[in-house]
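A.B. asks: Have a look at the structure that comes next, please.
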Amino acid sequence: MAPLNEVKFIKGHGTGNDFLIIPDIDGLLDLTAEQVRFLCDRRKGIGADGVLRVVRTKHLPEFIDQSAGAEFFMDYRNADGSLAEMCGNGARVFVRYLDATGLITDSEVNIATRGGLFPVTMNSDLSVTIDMGRASSRAATGVLAVTVEARTWPFVPVLVPNPHAVVFVDALADAGALLVAPEVTPGSTFPDGVNVEFVVEVAAGHVAMRVFERGVGETQSCGTGACAVAWVNARRAGEPVLPLTTTVDVSGGTVYVTETAEGHLLLTGPADLVARGTALLPQGRCG
């Protein structure tokens with residue numbers, strides 16, 4: 001029988017977008033893409049949309065410049081093992097874990113990510129608010145289009161800071177089964193892949209969305225995607241009057257995005273911790 005490596009985890013979710021939190025406070029774990037894929041596999045592993053490794057920023061030479069502003073770094077990996085700049089739902093779950101385990105004691109903290117520093121507020125109802133910064137429209141050339149099952153729509157390219165293609169449709173069912181990644185053209189618009197959001201307007205200031213996340217597939221929620229959608233929706237009739245709050249329904253619940261007078265996007269939603277345990281990784285998978 002092959003020896004087993006033990007990795008402790010906490011499982012949590014933000015509006016159904018679920019994550020495995022891997023405590024690695026001193027930065028001793030060399031988490032490989034293969035390990036992440038194993039952990040996130042819903043049949044052969046534990047199952048999740050991604051992994052959140054918790055590590056003190058000072059232990060990461062590549063991000064040491066952020067250590068003065070944030071004690072903890074959120075090392076986020078998509079389910080396929082790829083790296084991502086930021087994850088809004090993951091960040092809420094990440095901070096909920098830090099608070100629940102006593103690693104932070106203040107209600108307002110910064111976290112470090114590949115997308116930079118993000119201010120976070122723990123609210124009294126245990127919801128979490130992330131200041132996602134400003135959105136920006138991605139420069140692009142040519143005819144921008146998303147195609148699913150022979151249906152094609154124009155999209156708006158947005159960075160928050162993850163890349164997003166925001167598509168407004170008549171009904172969310174128009175996006176089909178979303179079993180494979182939508183085709184986004186021209187491909188040069190997003191050379192590192194893109195999250196695609198399909199959106200319908202429910203009422204003024206209220207939208208609903210589905211999302212296909214790069215490296216994962218369709219998920220029940222996407223925090224940066226909700227921010228991208230709110231930002232685009234606010235500008236469909238011209239420049240918005242700020243501050244402005246948009247209600248965003250996702251498959252797993254509801255989040256709220258407030259765009260401040262300064263243009264920052266504040267993402268607020270629940271963050272739940274549901275289980276903890278130990279994953280047994282066959283040594284051959286650990287590299």
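Starting from 1 in every chain, residues are counted up; chains themselves are A, B, ... following the order of the structure tokens, and ligands are numbered from 1 as listed.
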Just want the 10 Å neighbourhood of A:Val169, counted on only C-alpha atoms, with same-chain residues fewer than 5 positions away dropped. Output as a PyMOL selection string.
C.D. replies: chain A and resi 152-154+174-175+197-201+209
A.B. asks: Output as a tab-separated table one row per residue of stretch 221-245 of chain A within 12 Å of stretch 269-282 of chain A: the closest atom pair and its distance in Å to one decimal place, counting only C-alpha atoms, sorted by chain and residue number ascending.
C.D. replies:
```
residue	atom	partner	partner_atom	distance
A:Ser221	CA	A:Gly269	CA	10.8
A:Cys222	CA	A:Gly269	CA	11.2
A:Gly223	CA	A:Gly269	CA	8.9
A:Ala226	CA	A:Gly269	CA	10.8
A:Cys227	CA	A:Gly269	CA	11.9
```
A.B. asks: Emit the selected residues as a PDB file, in the first residue's frame, including N, CA and C atoms.
C.D. replies:
```pdb
ATOM      1  N   SER A 221     -21.685  30.712  -8.587  1.00  0.00           N
ATOM      2  CA  SER A 221     -21.480  32.128  -8.293  1.00  0.00           C
ATOM      3  C   SER A 221     -20.065  32.521  -8.682  1.00  0.00           C
ATOM      4  N   CYS A 222     -19.866  33.794  -8.954  1.00  0.00           N
ATOM      5  CA  CYS A 222     -18.531  34.333  -9.215  1.00  0.00           C
ATOM      6  C   CYS A 222     -18.511  35.769  -8.720  1.00  0.00           C
ATOM      7  N   GLY A 223     -17.679  36.047  -7.721  1.00  0.00           N
ATOM      8  CA  GLY A 223     -17.663  37.376  -7.104  1.00  0.00           C
ATOM      9  C   GLY A 223     -17.132  38.453  -8.026  1.00  0.00           C
ATOM     10  N   ALA A 226     -19.702  39.024 -10.684  1.00  0.00           N
ATOM     11  CA  ALA A 226     -20.821  39.858 -10.249  1.00  0.00           C
ATOM     12  C   ALA A 226     -20.447  41.335 -10.304  1.00  0.00           C
ATOM     13  N   CYS A 227     -19.199  41.642  -9.933  1.00  0.00           N
ATOM     14  CA  CYS A 227     -18.732  43.030  -9.992  1.00  0.00           C
ATOM     15  C   CYS A 227     -18.667  43.515 -11.437  1.00  0.00           C
TER      16      CYS A 227
END
```
A.B. asks: Using the chain letters and numbers from this document, which residues of stretch 18-159 of chain A does DSSP assign to strand (DSSP E or B), as a count of residues only?
C.D. replies: 51
A.B. asks: Report, in Å with one decimal, the straight-line distance from atom CA of A:His164 to atom CA of A:Asp80.
C.D. replies: 18.2 Å
A.B. asks: Find the residues near A:Ala68: any atom within 10 Å, counting only C-alpha atoms, skip ones fewer than 5 places away on the same chain, and give them as a VMD selection string.
C.D. replies: chain A and resid 57 to 58 112
A.B. asks: What would the file look like if the residues just selected were written as a PDB file, in the first residue's frame with C-alpha atoms?
C.D. replies:
```pdb
ATOM      1  CA  THR A  57       2.650  37.005   3.071  1.00  0.00           C
ATOM      2  CA  LYS A  58       6.152  37.397   4.475  1.00  0.00           C
ATOM      3  CA  ALA A 112      -2.805  40.031  -0.301  1.00  0.00           C
TER       4      ALA A 112
END
```
A.B. asks: Pick out the residues sitting within 12 Å of A:Phe38, and hand them over as a VMD selection string; count only C-alpha atoms, and ignore anything fewer than 5 positions along from it in its own chain.
C.D. replies: chain A and resid 7 20 31 to 33 43 to 51 78 to 81 279 to 286
A.B. asks: Export C-alpha atoms of the chosen residues as a PDB file, in the first residue's frame?
C.D. replies:
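The file below, again_27.pdb, is the result:
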```pdb
ATOM      1  CA  VAL A   7      -3.406  17.692   4.113  1.00  0.00           C
ATOM      2  CA  LEU A  20     -11.109  24.019   0.058  1.00  0.00           C
ATOM      3  CA  LEU A  31       1.020  22.773  -3.502  1.00  0.00           C
ATOM      4  CA  THR A  32       1.132  21.417  -7.048  1.00  0.00           C
ATOM      5  CA  ALA A  33      -1.414  21.756  -9.836  1.00  0.00           C
ATOM      6  CA  ARG A  43     -15.728  12.049  -7.563  1.00  0.00           C
ATOM      7  CA  LYS A  44     -12.139  11.103  -6.777  1.00  0.00           C
ATOM      8  CA  GLY A  45     -11.218  13.869  -4.327  1.00  0.00           C
ATOM      9  CA  ILE A  46     -13.081  16.138  -1.888  1.00  0.00           C
ATOM     10  CA  GLY A  47     -14.721  18.367  -4.490  1.00  0.00           C
ATOM     11  CA  ALA A  48     -14.575  22.148  -4.913  1.00  0.00           C
ATOM     12  CA  ASP A  49     -14.419  24.966  -7.443  1.00  0.00           C
ATOM     13  CA  GLY A  50     -10.974  25.931  -6.190  1.00  0.00           C
ATOM     14  CA  VAL A  51      -8.372  25.903  -3.430  1.00  0.00           C
ATOM     15  CA  ASN A  78      -8.771  27.128  -9.929  1.00  0.00           C
ATOM     16  CA  ALA A  79     -10.059  23.552  -9.917  1.00  0.00           C
ATOM     17  CA  ASP A  80      -7.812  22.669 -12.868  1.00  0.00           C
ATOM     18  CA  GLY A  81      -4.752  23.756 -10.884  1.00  0.00           C
ATOM     19  CA  ALA A 279      -7.438  14.781   2.768  1.00  0.00           C
ATOM     20  CA  LEU A 280      -5.206  11.804   1.982  1.00  0.00           C
ATOM     21  CA  LEU A 281      -3.087  12.420  -1.082  1.00  0.00           C
ATOM     22  CA  PRO A 282      -1.418   9.345  -2.619  1.00  0.00           C
ATOM     23  CA  GLN A 283       2.292  10.040  -2.661  1.00  0.00           C
ATOM     24  CA  GLY A 284       2.457   9.596  -6.401  1.00  0.00           C
ATOM     25  CA  ARG A 285       0.205  12.625  -6.805  1.00  0.00           C
ATOM     26  CA  CYS A 286       2.321  14.845  -4.623  1.00  0.00           C
TER      27      CYS A 286
END
```
A.B. asks: Using only C-alpha atoms, which protein or nucleic acid residues come within 8 Å of stretch 157-159 of chain A? Drop anything in the same chain fewer than 4 positions from it, and give the result as JSON, numbers by chain.
C.D. replies: {"A": [135, 136, 137, 138, 139, 140, 163, 164, 165, 166, 228]}
A.B. asks: Determine, counting only C-alpha atoms, which protein, DNA and RNA residues have an atom within 6 Å of an atom of A:Phe72; residues of the same chain fewer than 3 positions away are not included. Present the result as a list of chain:residue names.
C.D. replies: A:Val55, A:Arg56, A:Thr57, A:Ile111
A.B. asks: Can you list, as a VMD selection string, every residue of stretch 7-227 of chain A that DSSP puts in helix (DSSP H, G or I)?
C.D. replies: chain A and resid 33 to 40 57 to 59 61 to 66 88 to 100 172 to 175 187 to 189 223 to 227
A.B. asks: Take the residues from that selection and write them out as a compact mmCIF listing (two decimals), in the first residue's frame, keeping N, CA and C atoms.
C.D. replies:
```txt
# COMPACT_ATOMS: atom_id res chain seq x y z
N ALA A 33 -0.18 21.74 -9.04
CA ALA A 33 -1.41 21.76 -9.84
C ALA A 33 -2.09 20.39 -9.80
N GLU A 34 -1.31 19.33 -9.80
CA GLU A 34 -1.87 17.98 -9.76
C GLU A 34 -2.60 17.73 -8.44
N GLN A 35 -2.03 18.22 -7.33
CA GLN A 35 -2.69 18.09 -6.04
C GLN A 35 -4.01 18.84 -6.02
N VAL A 36 -4.00 20.05 -6.58
CA VAL A 36 -5.23 20.85 -6.62
C VAL A 36 -6.31 20.13 -7.41
N ARG A 37 -5.95 19.60 -8.57
CA ARG A 37 -6.93 18.87 -9.37
C ARG A 37 -7.48 17.67 -8.61
N PHE A 38 -6.61 16.96 -7.90
CA PHE A 38 -7.04 15.81 -7.11
C PHE A 38 -8.02 16.24 -6.02
N LEU A 39 -7.69 17.29 -5.29
CA LEU A 39 -8.54 17.76 -4.19
C LEU A 39 -9.90 18.24 -4.69
N CYS A 40 -9.92 18.92 -5.84
CA CYS A 40 -11.15 19.52 -6.33
C CYS A 40 -12.04 18.54 -7.10
N THR A 57 2.08 36.39 4.26
CA THR A 57 2.65 37.01 3.07
C THR A 57 4.17 37.08 3.15
N LYS A 58 4.71 37.24 4.34
CA LYS A 58 6.15 37.40 4.47
C LYS A 58 6.93 36.16 4.06
N HIS A 59 6.24 35.03 3.94
CA HIS A 59 6.92 33.79 3.55
C HIS A 59 6.95 33.58 2.03
N PRO A 61 8.45 35.13 -1.22
CA PRO A 61 9.37 36.13 -1.78
C PRO A 61 8.78 36.91 -2.93
N GLU A 62 7.96 36.27 -3.76
CA GLU A 62 7.39 36.94 -4.92
C GLU A 62 6.44 38.06 -4.55
N PHE A 63 5.84 37.97 -3.35
CA PHE A 63 4.85 38.95 -2.93
C PHE A 63 5.25 39.66 -1.64
N ILE A 64 6.54 39.64 -1.31
CA ILE A 64 7.02 40.22 -0.06
C ILE A 64 6.70 41.70 0.03
N ASP A 65 6.55 42.37 -1.13
CA ASP A 65 6.24 43.80 -1.12
C ASP A 65 4.85 44.08 -0.57
N GLN A 66 3.98 43.05 -0.52
CA GLN A 66 2.64 43.24 0.03
C GLN A 66 2.56 42.94 1.52
N GLY A 88 -13.51 36.85 -5.77
CA GLY A 88 -14.32 37.61 -4.81
C GLY A 88 -15.03 36.73 -3.80
N ASN A 89 -15.66 35.65 -4.25
CA ASN A 89 -16.31 34.73 -3.31
C ASN A 89 -15.26 34.03 -2.45
N GLY A 90 -14.16 33.63 -3.07
CA GLY A 90 -13.09 32.99 -2.31
C GLY A 90 -12.52 33.90 -1.25
N ALA A 91 -12.39 35.18 -1.56
CA ALA A 91 -11.84 36.14 -0.59
C ALA A 91 -12.75 36.26 0.62
N ARG A 92 -14.07 36.22 0.40
CA ARG A 92 -14.99 36.29 1.54
C ARG A 92 -14.84 35.05 2.42
N VAL A 93 -14.76 33.89 1.79
CA VAL A 93 -14.58 32.64 2.55
C VAL A 93 -13.23 32.64 3.26
N PHE A 94 -12.21 33.12 2.59
CA PHE A 94 -10.87 33.20 3.15
C PHE A 94 -10.86 34.03 4.44
N VAL A 95 -11.48 35.21 4.41
CA VAL A 95 -11.50 36.09 5.58
C VAL A 95 -12.43 35.53 6.66
N ARG A 96 -13.49 34.89 6.26
CA ARG A 96 -14.38 34.23 7.25
C ARG A 96 -13.60 33.18 8.03
N TYR A 97 -12.72 32.45 7.32
CA TYR A 97 -11.87 31.46 7.98
C TYR A 97 -10.88 32.14 8.93
N LEU A 98 -10.23 33.20 8.48
CA LEU A 98 -9.28 33.91 9.34
C LEU A 98 -9.96 34.39 10.62
N ASP A 99 -11.18 34.89 10.48
CA ASP A 99 -11.92 35.40 11.64
C ASP A 99 -12.35 34.26 12.55
N ALA A 100 -12.86 33.18 11.98
CA ALA A 100 -13.38 32.07 12.79
C ALA A 100 -12.28 31.37 13.57
N LEU A 172 -31.65 33.40 -19.21
CA LEU A 172 -30.44 32.70 -18.81
C LEU A 172 -30.34 31.33 -19.46
N ALA A 173 -31.47 30.74 -19.78
CA ALA A 173 -31.46 29.43 -20.44
C ALA A 173 -30.87 29.50 -21.84
N ASP A 174 -30.78 30.71 -22.41
CA ASP A 174 -30.22 30.84 -23.75
C ASP A 174 -28.77 30.38 -23.81
N ALA A 175 -28.09 30.38 -22.68
CA ALA A 175 -26.68 29.97 -22.65
C ALA A 175 -26.51 28.46 -22.76
N GLY A 187 -9.85 35.56 -30.08
CA GLY A 187 -9.19 34.91 -28.96
C GLY A 187 -8.10 35.74 -28.35
N SER A 188 -7.53 36.67 -29.12
CA SER A 188 -6.45 37.51 -28.61
C SER A 188 -6.91 38.48 -27.54
N THR A 189 -8.23 38.66 -27.40
CA THR A 189 -8.74 39.58 -26.38
C THR A 189 -8.37 39.11 -24.98
N GLY A 223 -17.68 36.05 -7.72
CA GLY A 223 -17.66 37.38 -7.10
C GLY A 223 -17.13 38.45 -8.03
N THR A 224 -15.97 38.21 -8.65
CA THR A 224 -15.45 39.21 -9.58
C THR A 224 -16.38 39.35 -10.78
N GLY A 225 -17.03 38.23 -11.17
CA GLY A 225 -17.99 38.29 -12.26
C GLY A 225 -19.20 39.14 -11.91
N ALA A 226 -19.70 39.02 -10.68
CA ALA A 226 -20.82 39.86 -10.25
C ALA A 226 -20.45 41.33 -10.30
N CYS A 227 -19.20 41.64 -9.93
CA CYS A 227 -18.73 43.03 -9.99
C CYS A 227 -18.67 43.52 -11.44
```
A.B. asks: Between A:Ala261, A:Val194, A:Val216, A:Val180, which is the closest to A:Phe19 once you count only C-alpha atoms?
C.D. replies: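 The closest residue to A:Phe19 is A:Val216.
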A.B. asks: Any idea what's packed within 10 Å of A:Met122, counting only C-alpha atoms, ignoring anything in its chain fewer than 4 positions away? Could you give it as a list in words?
C.D. replies: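 That gives Arg92, Val95, Arg96, Asp99, Asp106, Ser107, Glu108, Val109, Leu126, Ser127, Val128, Thr129, Ile130 and Thr268 of chain A.
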A.B. asks: Which residue gives the smallest distance to A:Gly116 among A:Leu144, A:Met74, A:Leu103, A:Thr245, with only C-alpha atoms counted?
C.D. replies: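 Checking each of A:Leu144, A:Met74, A:Leu103, A:Thr245 against A:Gly116, counting only C-alpha atoms, the winner is A:Met74.
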A.B. asks: How many Å separate atom CA of A:Asp18 from atom CA of A:Val196?
C.D. replies: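 Atom CA of A:Asp18 sits 18.3 Å away from atom CA of A:Val196.
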